[in-house]
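S.K.: What follows is protein07.cif, mmCIF, C-alpha atoms.
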data_target
#
loop_
_atom_site.group_PDB
_atom_site.id
_atom_site.type_symbol
_atom_site.label_atom_id
_atom_site.label_comp_id
_atom_site.auth_asym_id
_atom_site.auth_seq_id
_atom_site.Cartn_x
_atom_site.Cartn_y
_atom_site.Cartn_z
ATOM 1 C CA MET A 1 11.794 -21.255 4.700
ATOM 2 C CA ILE A 2 8.822 -19.653 3.016
ATOM 3 C CA GLY A 3 8.824 -19.850 -0.750
ATOM 4 C CA LEU A 4 8.596 -16.869 -3.038
ATOM 5 C CA THR A 5 5.328 -18.067 -4.554
ATOM 6 C CA ASP A 6 3.459 -17.660 -1.261
ATOM 7 C CA PHE A 7 4.530 -14.040 -0.958
ATOM 8 C CA LEU A 8 3.566 -13.384 -4.568
ATOM 9 C CA ILE A 9 0.098 -14.869 -4.121
ATOM 10 C CA VAL A 10 -0.566 -12.846 -0.965
ATOM 11 C CA SER A 11 0.499 -9.694 -2.768
ATOM 12 C CA ALA A 12 -1.635 -10.570 -5.813
ATOM 13 C CA VAL A 13 -4.732 -10.924 -3.625
ATOM 14 C CA LEU A 14 -3.951 -7.626 -1.888
ATOM 15 C CA PHE A 15 -3.500 -5.946 -5.264
ATOM 16 C CA CYS A 16 -6.874 -7.184 -6.462
ATOM 17 C CA ILE A 17 -8.608 -5.992 -3.298
ATOM 18 C CA GLY A 18 -7.064 -2.574 -3.889
ATOM 19 C CA LEU A 19 -8.221 -2.653 -7.511
ATOM 20 C CA TYR A 20 -11.750 -3.517 -6.417
ATOM 21 C CA MET A 21 -11.771 -0.631 -3.947
ATOM 22 C CA ILE A 22 -10.545 1.845 -6.560
ATOM 23 C CA VAL A 23 -13.154 0.833 -9.114
ATOM 24 C CA SER A 24 -16.178 0.420 -6.851
ATOM 25 C CA LYS A 25 -15.992 3.026 -4.077
ATOM 26 C CA HIS A 26 -17.806 6.364 -4.135
ATOM 27 C CA ASN A 27 -15.548 8.096 -1.681
ATOM 28 C CA ALA A 28 -12.189 9.617 -2.495
ATOM 29 C CA ILE A 29 -10.677 8.597 0.840
ATOM 30 C CA GLN A 30 -11.584 4.945 0.293
ATOM 31 C CA ILE A 31 -10.122 5.116 -3.210
ATOM 32 C CA LEU A 32 -6.936 6.444 -1.624
ATOM 33 C CA ILE A 33 -6.914 3.490 0.769
ATOM 34 C CA GLY A 34 -7.245 1.205 -2.262
ATOM 35 C CA ILE A 35 -4.214 2.841 -3.843
ATOM 36 C CA GLU A 36 -2.291 2.318 -0.610
ATOM 37 C CA LEU A 37 -3.225 -1.373 -0.653
ATOM 38 C CA MET A 38 -1.897 -1.724 -4.201
ATOM 39 C CA LEU A 39 1.323 0.068 -3.246
ATOM 40 C CA ASN A 40 1.721 -2.250 -0.280
ATOM 41 C CA ALA A 41 1.297 -5.266 -2.536
ATOM 42 C CA ALA A 42 4.113 -3.945 -4.719
ATOM 43 C CA ILE A 43 6.308 -3.314 -1.677
ATOM 44 C CA LEU A 44 5.680 -6.860 -0.458
ATOM 45 C CA ASN A 45 6.946 -8.179 -3.794
ATOM 46 C CA LEU A 46 10.056 -6.003 -3.620
ATOM 47 C CA VAL A 47 10.815 -7.161 -0.100
ATOM 48 C CA ALA A 48 10.241 -10.824 -0.919
ATOM 49 C CA PHE A 49 12.666 -10.724 -3.840
ATOM 50 C CA GLY A 50 15.080 -8.573 -1.872
ATOM 51 C CA LYS A 51 15.897 -11.606 0.253
ATOM 52 C CA TYR A 52 18.056 -12.893 -2.600
ATOM 53 C CA ASP A 53 20.234 -9.813 -2.826
ATOM 54 C CA ARG A 54 22.409 -9.596 0.223
ATOM 55 C CA VAL A 55 25.193 -7.442 -1.137
ATOM 56 C CA ASN A 56 23.290 -4.650 -2.849
ATOM 57 C CA ASN A 57 19.986 -4.748 -0.942
ATOM 58 C CA SER A 58 18.234 -3.353 -4.001
ATOM 59 C CA GLY A 59 14.847 -4.847 -3.146
ATOM 60 C CA GLN A 60 14.724 -3.464 0.365
ATOM 61 C CA LEU A 61 16.080 -0.078 -0.694
ATOM 62 C CA PHE A 62 13.498 0.381 -3.393
ATOM 63 C CA ALA A 63 10.839 -0.775 -0.954
ATOM 64 C CA LEU A 64 11.942 2.108 1.267
ATOM 65 C CA PHE A 65 11.775 4.482 -1.699
ATOM 66 C CA ALA A 66 8.276 3.241 -2.506
ATOM 67 C CA ILE A 67 7.143 3.814 1.090
ATOM 68 C CA VAL A 68 8.446 7.384 0.977
ATOM 69 C CA LEU A 69 6.765 7.952 -2.389
ATOM 70 C CA ALA A 70 3.501 6.640 -0.958
ATOM 71 C CA ALA A 71 3.768 9.117 1.908
ATOM 72 C CA ALA A 72 4.329 12.022 -0.489
ATOM 73 C CA THR A 73 1.430 10.873 -2.690
ATOM 74 C CA THR A 74 -0.905 10.650 0.269
ATOM 75 C CA ALA A 75 -0.033 14.103 1.567
ATOM 76 C CA VAL A 76 -0.709 15.734 -1.809
ATOM 77 C CA ALA A 77 -3.833 13.654 -2.464
ATOM 78 C CA LEU A 78 -5.347 14.522 0.912
ATOM 79 C CA ALA A 79 -4.653 18.224 0.350
ATOM 80 C CA ILE A 80 -6.434 17.934 -3.004
ATOM 81 C CA ILE A 81 -9.340 16.066 -1.398
ATOM 82 C CA LEU A 82 -9.751 18.782 1.232
ATOM 83 C CA ASN A 83 -9.722 21.467 -1.465
ATOM 84 C CA VAL A 84 -12.276 19.566 -3.515
ATOM 85 C CA TYR A 85 -14.466 19.185 -0.455
ATOM 86 C CA ARG A 86 -14.272 22.909 0.215
ATOM 87 C CA GLN A 87 -15.339 23.665 -3.331
ATOM 88 C CA TYR A 88 -17.991 21.023 -4.019
ATOM 89 C CA LYS A 89 -19.097 19.928 -0.528
ATOM 90 C CA THR A 90 -18.708 16.309 -1.618
ATOM 91 C CA ILE A 91 -15.806 13.967 -2.208
ATOM 92 C CA ASP A 92 -17.554 11.514 -4.517
ATOM 93 C CA PRO A 93 -15.374 11.462 -7.639
ATOM 94 C CA GLY A 94 -18.431 10.690 -9.763
ATOM 95 C CA GLU A 95 -20.059 13.995 -8.910
ATOM 96 C CA ILE A 96 -17.109 16.268 -9.437
ATOM 97 C CA ASN A 97 -17.706 17.291 -13.019
ATOM 98 C CA LYS A 98 -16.986 21.020 -13.178
ATOM 99 C CA LEU A 99 -13.763 22.958 -13.355
ATOM 100 C CA GLY A 100 -12.933 25.401 -10.596
ATOM 101 C CA ASP A 101 -14.470 28.893 -11.129
ATOM 102 C CA MET B 1 5.594 -27.160 9.376
ATOM 103 C CA SER B 2 8.044 -24.769 10.954
ATOM 104 C CA LEU B 3 7.255 -21.829 13.204
ATOM 105 C CA ALA B 4 8.098 -19.357 10.439
ATOM 106 C CA GLN B 5 5.548 -20.941 8.151
ATOM 107 C CA VAL B 6 2.843 -20.920 10.816
ATOM 108 C CA LEU B 7 3.571 -17.255 11.474
ATOM 109 C CA PHE B 8 3.570 -16.499 7.766
ATOM 110 C CA TYR B 9 0.190 -18.087 7.167
ATOM 111 C CA THR B 10 -1.301 -16.424 10.255
ATOM 112 C CA MET B 11 0.021 -13.016 9.254
ATOM 113 C CA SER B 12 -1.104 -13.337 5.657
ATOM 114 C CA PHE B 13 -4.532 -14.507 6.773
ATOM 115 C CA ILE B 14 -4.861 -11.494 9.081
ATOM 116 C CA ALA B 15 -3.666 -9.133 6.338
ATOM 117 C CA LEU B 16 -6.001 -10.529 3.694
ATOM 118 C CA ALA B 17 -9.020 -10.826 5.976
ATOM 119 C CA SER B 18 -8.676 -7.278 7.254
ATOM 120 C CA ALA B 19 -8.127 -6.024 3.695
ATOM 121 C CA VAL B 20 -11.338 -7.747 2.611
ATOM 122 C CA PHE B 21 -13.084 -6.173 5.585
ATOM 123 C CA VAL B 22 -11.720 -2.750 4.606
ATOM 124 C CA ALA B 23 -13.106 -3.231 1.118
ATOM 125 C CA ALA B 24 -16.452 -4.657 2.199
ATOM 126 C CA THR B 25 -17.563 -2.631 5.185
ATOM 127 C CA LYS B 26 -19.958 0.286 4.833
ATOM 128 C CA ASN B 27 -18.586 2.133 7.850
ATOM 129 C CA LEU B 28 -15.731 4.376 6.751
ATOM 130 C CA VAL B 29 -14.182 4.926 10.179
ATOM 131 C CA ARG B 30 -14.187 1.213 10.853
ATOM 132 C CA SER B 31 -12.531 0.556 7.516
ATOM 133 C CA ILE B 32 -9.797 3.078 8.281
ATOM 134 C CA PHE B 33 -9.092 1.435 11.619
ATOM 135 C CA MET B 34 -9.069 -2.015 10.038
ATOM 136 C CA PHE B 35 -6.528 -0.650 7.590
ATOM 137 C CA PHE B 36 -4.228 -0.224 10.630
ATOM 138 C CA ILE B 37 -4.434 -3.972 11.153
ATOM 139 C CA THR B 38 -3.660 -4.683 7.512
ATOM 140 C CA LEU B 39 -0.567 -2.498 7.696
ATOM 141 C CA PHE B 40 0.656 -4.102 10.925
ATOM 142 C CA ALA B 41 0.182 -7.583 9.490
ATOM 143 C CA LEU B 42 2.074 -6.514 6.374
ATOM 144 C CA ALA B 43 4.903 -5.276 8.573
ATOM 145 C CA GLY B 44 4.945 -8.749 10.120
ATOM 146 C CA LEU B 45 5.178 -10.248 6.650
ATOM 147 C CA TYR B 46 8.152 -7.998 5.890
ATOM 148 C CA VAL B 47 9.856 -9.281 9.015
ATOM 149 C CA LEU B 48 9.262 -12.838 7.805
ATOM 150 C CA ALA B 49 10.824 -11.858 4.473
ATOM 151 C CA LEU B 50 13.900 -10.871 6.542
ATOM 152 C CA ALA B 51 13.513 -7.149 5.963
ATOM 153 C CA ASP B 52 13.246 -5.833 9.493
ATOM 154 C CA PHE B 53 14.309 -2.288 8.640
ATOM 155 C CA VAL B 54 11.599 -1.995 6.003
ATOM 156 C CA ALA B 55 9.081 -3.332 8.504
ATOM 157 C CA ILE B 56 9.964 -0.683 11.074
ATOM 158 C CA THR B 57 9.843 2.003 8.391
ATOM 159 C CA GLN B 58 6.436 0.718 7.353
ATOM 160 C CA ILE B 59 5.151 1.031 10.892
ATOM 161 C CA VAL B 60 6.641 4.483 11.421
ATOM 162 C CA ILE B 61 5.609 6.029 8.105
ATOM 163 C CA TYR B 62 2.383 4.231 7.264
ATOM 164 C CA VAL B 63 0.827 3.708 10.667
ATOM 165 C CA GLY B 64 2.263 6.842 12.232
ATOM 166 C CA GLY B 65 1.989 9.187 9.300
ATOM 167 C CA ILE B 66 -0.314 8.184 6.499
ATOM 168 C CA LEU B 67 -3.155 6.782 8.585
ATOM 169 C CA VAL B 68 -3.218 9.815 10.842
ATOM 170 C CA LEU B 69 -3.354 11.979 7.702
ATOM 171 C CA ILE B 70 -6.238 9.910 6.344
ATOM 172 C CA LEU B 71 -8.089 10.192 9.643
ATOM 173 C CA PHE B 72 -7.549 13.962 9.630
ATOM 174 C CA ALA B 73 -8.896 14.255 6.087
ATOM 175 C CA PHE B 74 -11.898 12.177 7.050
ATOM 176 C CA MET B 75 -12.634 14.271 10.124
ATOM 177 C CA LEU B 76 -12.230 17.522 8.207
ATOM 178 C CA SER B 77 -14.466 16.506 5.346
ATOM 179 C CA GLY B 78 -17.145 15.303 7.769
ATOM 180 C CA LYS B 79 -20.830 15.339 7.088
ATOM 181 C CA GLU B 80 -21.177 14.821 3.367
ATOM 182 C CA THR B 81 -19.031 11.705 3.338
ATOM 183 C CA LEU B 82 -21.350 10.217 5.917
ATOM 184 C CA ASN B 83 -24.292 11.021 3.631
ATOM 185 C CA VAL B 84 -22.642 9.052 0.860
ATOM 186 C CA ILE B 85 -22.365 6.135 3.232
ATOM 187 C CA ALA B 86 -26.039 6.393 4.143
ATOM 188 C CA GLN B 87 -26.977 6.228 0.478
ATOM 189 C CA GLN B 88 -24.915 3.111 0.074
ATOM 190 C CA ARG B 89 -26.505 1.509 3.079
ATOM 191 C CA SER B 90 -30.039 1.980 1.759
ATOM 192 C CA GLN B 91 -29.144 -0.034 -1.304
ATOM 193 C CA PHE B 92 -29.039 -3.588 -0.069
ATOM 194 C CA ILE B 93 -27.934 -5.670 -3.025
ATOM 195 C CA SER B 94 -25.192 -3.855 -4.861
ATOM 196 C CA VAL B 95 -25.625 -4.725 -8.514
ATOM 197 C CA GLY B 96 -23.539 -1.694 -9.378
ATOM 198 C CA LYS B 97 -20.521 -3.274 -7.701
ATOM 199 C CA LEU B 98 -20.705 -6.396 -9.846
ATOM 200 C CA PRO B 99 -18.494 -5.153 -12.713
ATOM 201 C CA ALA B 100 -15.832 -4.012 -10.257
ATOM 202 C CA PHE B 101 -15.941 -7.376 -8.510
ATOM 203 C CA ALA B 102 -15.727 -9.234 -11.822
ATOM 204 C CA LEU B 103 -12.779 -7.092 -12.899
ATOM 205 C CA ALA B 104 -10.893 -7.712 -9.669
ATOM 206 C CA ALA B 105 -11.641 -11.455 -9.676
ATOM 207 C CA LEU B 106 -10.587 -11.935 -13.287
ATOM 208 C CA PHE B 107 -7.434 -9.919 -12.684
ATOM 209 C CA LEU B 108 -6.689 -12.137 -9.690
ATOM 210 C CA VAL B 109 -7.118 -15.250 -11.839
ATOM 211 C CA VAL B 110 -4.699 -13.854 -14.413
ATOM 212 C CA LEU B 111 -2.158 -12.877 -11.772
ATOM 213 C CA VAL B 112 -2.237 -16.235 -9.980
ATOM 214 C CA ASN B 113 -1.917 -18.027 -13.292
ATOM 215 C CA MET B 114 1.082 -15.870 -14.147
ATOM 216 C CA ILE B 115 2.703 -16.530 -10.785
ATOM 217 C CA PHE B 116 2.378 -20.286 -11.129
ATOM 218 C CA LYS B 117 3.613 -20.195 -14.718
ATOM 219 C CA ALA B 118 6.585 -17.999 -13.844
ATOM 220 C CA ASP B 119 7.788 -20.502 -11.222
ATOM 221 C CA VAL B 120 9.723 -17.872 -9.332
ATOM 222 C CA ASN B 121 11.517 -20.254 -6.991
ATOM 223 C CA ASN B 122 13.505 -21.613 -9.934
ATOM 224 C CA LEU B 123 14.485 -18.358 -11.591
ATOM 225 C CA GLN B 124 18.055 -18.259 -12.802
ATOM 226 C CA TRP B 125 19.188 -15.279 -10.756
ATOM 227 C CA VAL B 126 17.537 -16.641 -7.623
ATOM 228 C CA LYS B 127 19.419 -19.902 -8.074
ATOM 229 C CA ASP B 128 22.654 -18.008 -8.689
ATOM 230 C CA ALA B 129 22.098 -16.011 -5.521
ATOM 231 C CA ILE B 130 21.576 -19.193 -3.530
ATOM 232 C CA ASP B 131 24.684 -20.756 -5.074
ATOM 233 C CA GLN B 132 26.840 -17.740 -4.279
ATOM 234 C CA LYS B 133 25.459 -17.477 -0.728
ATOM 235 C CA ASN B 134 24.037 -14.083 -1.651
ATOM 236 C CA THR B 135 20.851 -14.587 0.363
ATOM 237 C CA ILE B 136 19.982 -12.910 3.623
ATOM 238 C CA SER B 137 19.955 -15.355 6.494
ATOM 239 C CA PRO B 138 17.862 -14.800 9.625
ATOM 240 C CA ASN B 139 20.908 -13.985 11.732
ATOM 241 C CA ASP B 140 22.140 -11.107 9.603
ATOM 242 C CA ALA B 141 21.751 -7.506 10.680
ATOM 243 C CA MET B 142 21.063 -5.753 7.415
ATOM 244 C CA THR B 143 20.537 -2.189 8.597
ATOM 245 C CA GLU B 144 24.219 -1.241 8.399
ATOM 246 C CA ASN B 145 24.485 -2.596 4.876
ATOM 247 C CA ILE B 146 21.344 -0.703 3.862
ATOM 248 C CA GLY B 147 22.816 2.532 5.164
ATOM 249 C CA ILE B 148 26.092 2.023 3.329
ATOM 250 C CA ASN B 149 24.306 1.174 0.091
ATOM 251 C CA LEU B 150 22.021 4.166 0.453
ATOM 252 C CA MET B 151 24.990 6.503 0.652
ATOM 253 C CA THR B 152 27.086 4.890 -2.093
ATOM 254 C CA LYS B 153 25.363 2.865 -4.787
ATOM 255 C CA TYR B 154 21.908 4.388 -4.526
ATOM 256 C CA LEU B 155 22.875 7.983 -3.830
ATOM 257 C CA LEU B 156 21.207 9.344 -6.969
ATOM 258 C CA PRO B 157 17.746 7.841 -6.292
ATOM 259 C CA PHE B 158 18.099 8.955 -2.681
ATOM 260 C CA GLU B 159 18.727 12.560 -3.654
ATOM 261 C CA ALA B 160 16.027 12.468 -6.310
ATOM 262 C CA ILE B 161 13.484 11.202 -3.814
ATOM 263 C CA SER B 162 14.507 13.798 -1.263
ATOM 264 C CA ILE B 163 13.889 16.573 -3.803
ATOM 265 C CA LEU B 164 10.583 14.984 -4.756
ATOM 266 C CA LEU B 165 9.545 14.767 -1.116
ATOM 267 C CA MET B 166 10.316 18.452 -0.631
ATOM 268 C CA VAL B 167 8.362 19.386 -3.754
ATOM 269 C CA ALA B 168 5.422 17.294 -2.571
ATOM 270 C CA LEU B 169 5.452 18.892 0.870
ATOM 271 C CA VAL B 170 5.595 22.404 -0.568
ATOM 272 C CA GLY B 171 2.799 21.507 -2.960
ATOM 273 C CA ALA B 172 0.643 20.038 -0.206
ATOM 274 C CA ALA B 173 1.149 23.109 1.966
ATOM 275 C CA HIS B 174 0.322 25.347 -0.994
ATOM 276 C CA LEU B 175 -2.825 23.402 -1.858
ATOM 277 C CA SER B 176 -4.189 23.281 1.651
ATOM 278 C CA ARG B 177 -3.653 26.913 2.603
ATOM 279 C CA LYS B 178 -6.726 28.864 3.531
ATOM 280 C CA GLY B 179 -8.552 31.437 1.430
ATOM 281 C CA THR B 180 -7.785 30.325 -2.099
ATOM 282 C CA GLY B 181 -10.202 32.272 -4.251
ATOM 283 C CA SER B 182 -14.001 32.103 -4.548
#
Would you mind writing the file out in structure tokens?
M.R.:
Amino acid sequence: MIGLTDFLIVSAVLFCIGLYMIVSKHNAIQILIGIELMLNAAILNLVAFGKYDRVNNSGQLFALFAIVLAAATTAVALAIILNVYRQYKTIDPGEINKLGD
Amino acid sequence: MSLAQVLFYTMSFIALASAVFVAATKNLVRSIFMFFITLFALAGLYVLALADFVAITQIVIYVGGILVLILFAFMLSGKETLNVIAQQRSQFISVGKLPAFALAALFLVVLVNMIFKADVNNLQWVKDAIDQKNTISPNDAMTENIGINLMTKYLLPFEAISILLMVALVGAAHLSRKGTGS
């Protein structure tokens, strides 16, 4: 079977790609995609360790919880992005430097 | 090398390559569609980690829900985002991205070092689980067990997350309603 270390390394690389996207991108939607990549890396770790818990299934269950949390986060974040776009006509986080009205 | 390992390395290569493409490309729409591929490959990895239910949930929620939401937000916020992309394209060598790249690379080095030092295959509880036959084998159908656990042992997190999901939905609907001031 596949060892745990392989899963962990794949998820570490995914996490770092997400980190790079969050730090370097000038577009709120791409930053959101970076956050999703990091969340997916975390979920991959949960699932990989969940293989060793047959009775309680804690890894897989909390992976499900994390997926649902990611969905809620994305819905709220996209609503905020649309509002910000309506107000500033841009979604570059570097240029949003004023409070609303 | 068994079939599972070949599949694992193929899937992880597809996931990582498409993730790198998502991070590197200048075209936002293309990066969103490549993100589909990353998510599908990750679902394949979940299947190889013997979590088929999580994989299906990943496909349903991420690919069916989140990506469509992201596409909607992109289409609705239209022209200005494309201008940002045009500015990025004019700048050929991205010196400004160097600190971000250095940060990510150094963090990766630290993480990989940690993983090799931790030696996760020989952790005590993992060994105990293998000794007590507490591991999921490829022939098990885990969905029933997940449902029972969700309704007994993990009922409190389940209810908490359902309330949080409702709050988030109400908040999203409130934020995105039309005609809010100014």
S.K.: Can you list what the PyMOL selection byres ((chain A) within 6 of (chain B)) grabs from this structure, as a PyMOL selection string?
M.R.: chain A and resi 4+16+20-21+23-24+48+51-54+72+76+79+90
S.K.: Can you measure CA of Asn27 (chain A) to CA of Leu8 (chain A) for me? One decimal in Å is fine.
M.R.: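 The value is 28.9 Å.
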S.K.: Quick one: residues within 6 Å of region 55-71 of chain A, all atoms listed in the file, excluding same-chain residues fewer than 3 positions away - as a list in words?
M.R.: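 Here the answer would be Ile43, Leu46, Val47, Gly50 and Thr74 of chain A.
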S.K.: How many Å separate CA of Ile35 (chain A) from CA of Leu19 (chain A)?
M.R.: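 Answer for the CA of Ile35 (chain A) to CA of Leu19 (chain A) separation: 7.7 Å.
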S.K.: Go ahead and compute the interatomic distance for CA of Lys25 (chain A) and CA of Phe7 (chain A), in Å to one decimal.
M.R.: 26.9 Å
S.K.: Kindly compute an axis-aligned box around the listed atoms of region 17-27 of chain A, allowing 8 Å on each side, and express its centre and edge lengths in Å to one decimal as AutoDock Vina command-line options.
M.R.:
--center_x -12.4 --center_y 1.1 --center_z -5.4 --size_x 26.7 --size_y 30.1 --size_z 23.4
S.K.: Since fewer atoms than expected are present, regenerate N, CA and C atoms for region 72-87 of chain A and write them as a compact mmCIF listing (two decimals), in the frame of the given file.
M.R.:
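File produced: result.txt:
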# COMPACT_ATOMS: atom_id res chain seq x y z
N ALA A 72 4.46 10.76 0.23
CA ALA A 72 4.33 12.02 -0.49
C ALA A 72 3.02 12.07 -1.26
N THR A 73 2.68 10.94 -1.94
CA THR A 73 1.43 10.87 -2.69
C THR A 73 0.24 11.15 -1.80
N THR A 74 0.25 10.50 -0.61
CA THR A 74 -0.90 10.65 0.27
C THR A 74 -1.06 12.08 0.75
N ALA A 75 0.07 12.73 1.08
CA ALA A 75 -0.03 14.10 1.57
C ALA A 75 -0.67 15.00 0.51
N VAL A 76 -0.16 14.89 -0.75
CA VAL A 76 -0.71 15.73 -1.81
C VAL A 76 -2.16 15.37 -2.09
N ALA A 77 -2.47 14.07 -2.13
CA ALA A 77 -3.83 13.65 -2.46
C ALA A 77 -4.82 14.13 -1.41
N LEU A 78 -4.42 14.07 -0.13
CA LEU A 78 -5.35 14.52 0.91
C LEU A 78 -5.53 16.02 0.86
N ALA A 79 -4.47 16.77 0.52
CA ALA A 79 -4.65 18.22 0.35
C ALA A 79 -5.63 18.51 -0.78
N ILE A 80 -5.51 17.74 -1.88
CA ILE A 80 -6.43 17.93 -3.00
C ILE A 80 -7.85 17.58 -2.59
N ILE A 81 -8.00 16.48 -1.82
CA ILE A 81 -9.34 16.07 -1.40
C ILE A 81 -9.98 17.15 -0.54
N LEU A 82 -9.18 17.73 0.38
CA LEU A 82 -9.75 18.78 1.23
C LEU A 82 -10.18 19.99 0.40
N ASN A 83 -9.35 20.36 -0.60
CA ASN A 83 -9.72 21.47 -1.46
C ASN A 83 -11.00 21.18 -2.22
N VAL A 84 -11.08 19.96 -2.76
CA VAL A 84 -12.28 19.57 -3.52
C VAL A 84 -13.50 19.60 -2.62
N TYR A 85 -13.32 19.15 -1.37
CA TYR A 85 -14.47 19.18 -0.46
C TYR A 85 -14.90 20.62 -0.19
N ARG A 86 -13.91 21.52 -0.06
CA ARG A 86 -14.27 22.91 0.22
C ARG A 86 -15.05 23.50 -0.96
N GLN A 87 -14.70 23.08 -2.16
CA GLN A 87 -15.34 23.66 -3.33
C GLN A 87 -16.69 23.03 -3.66
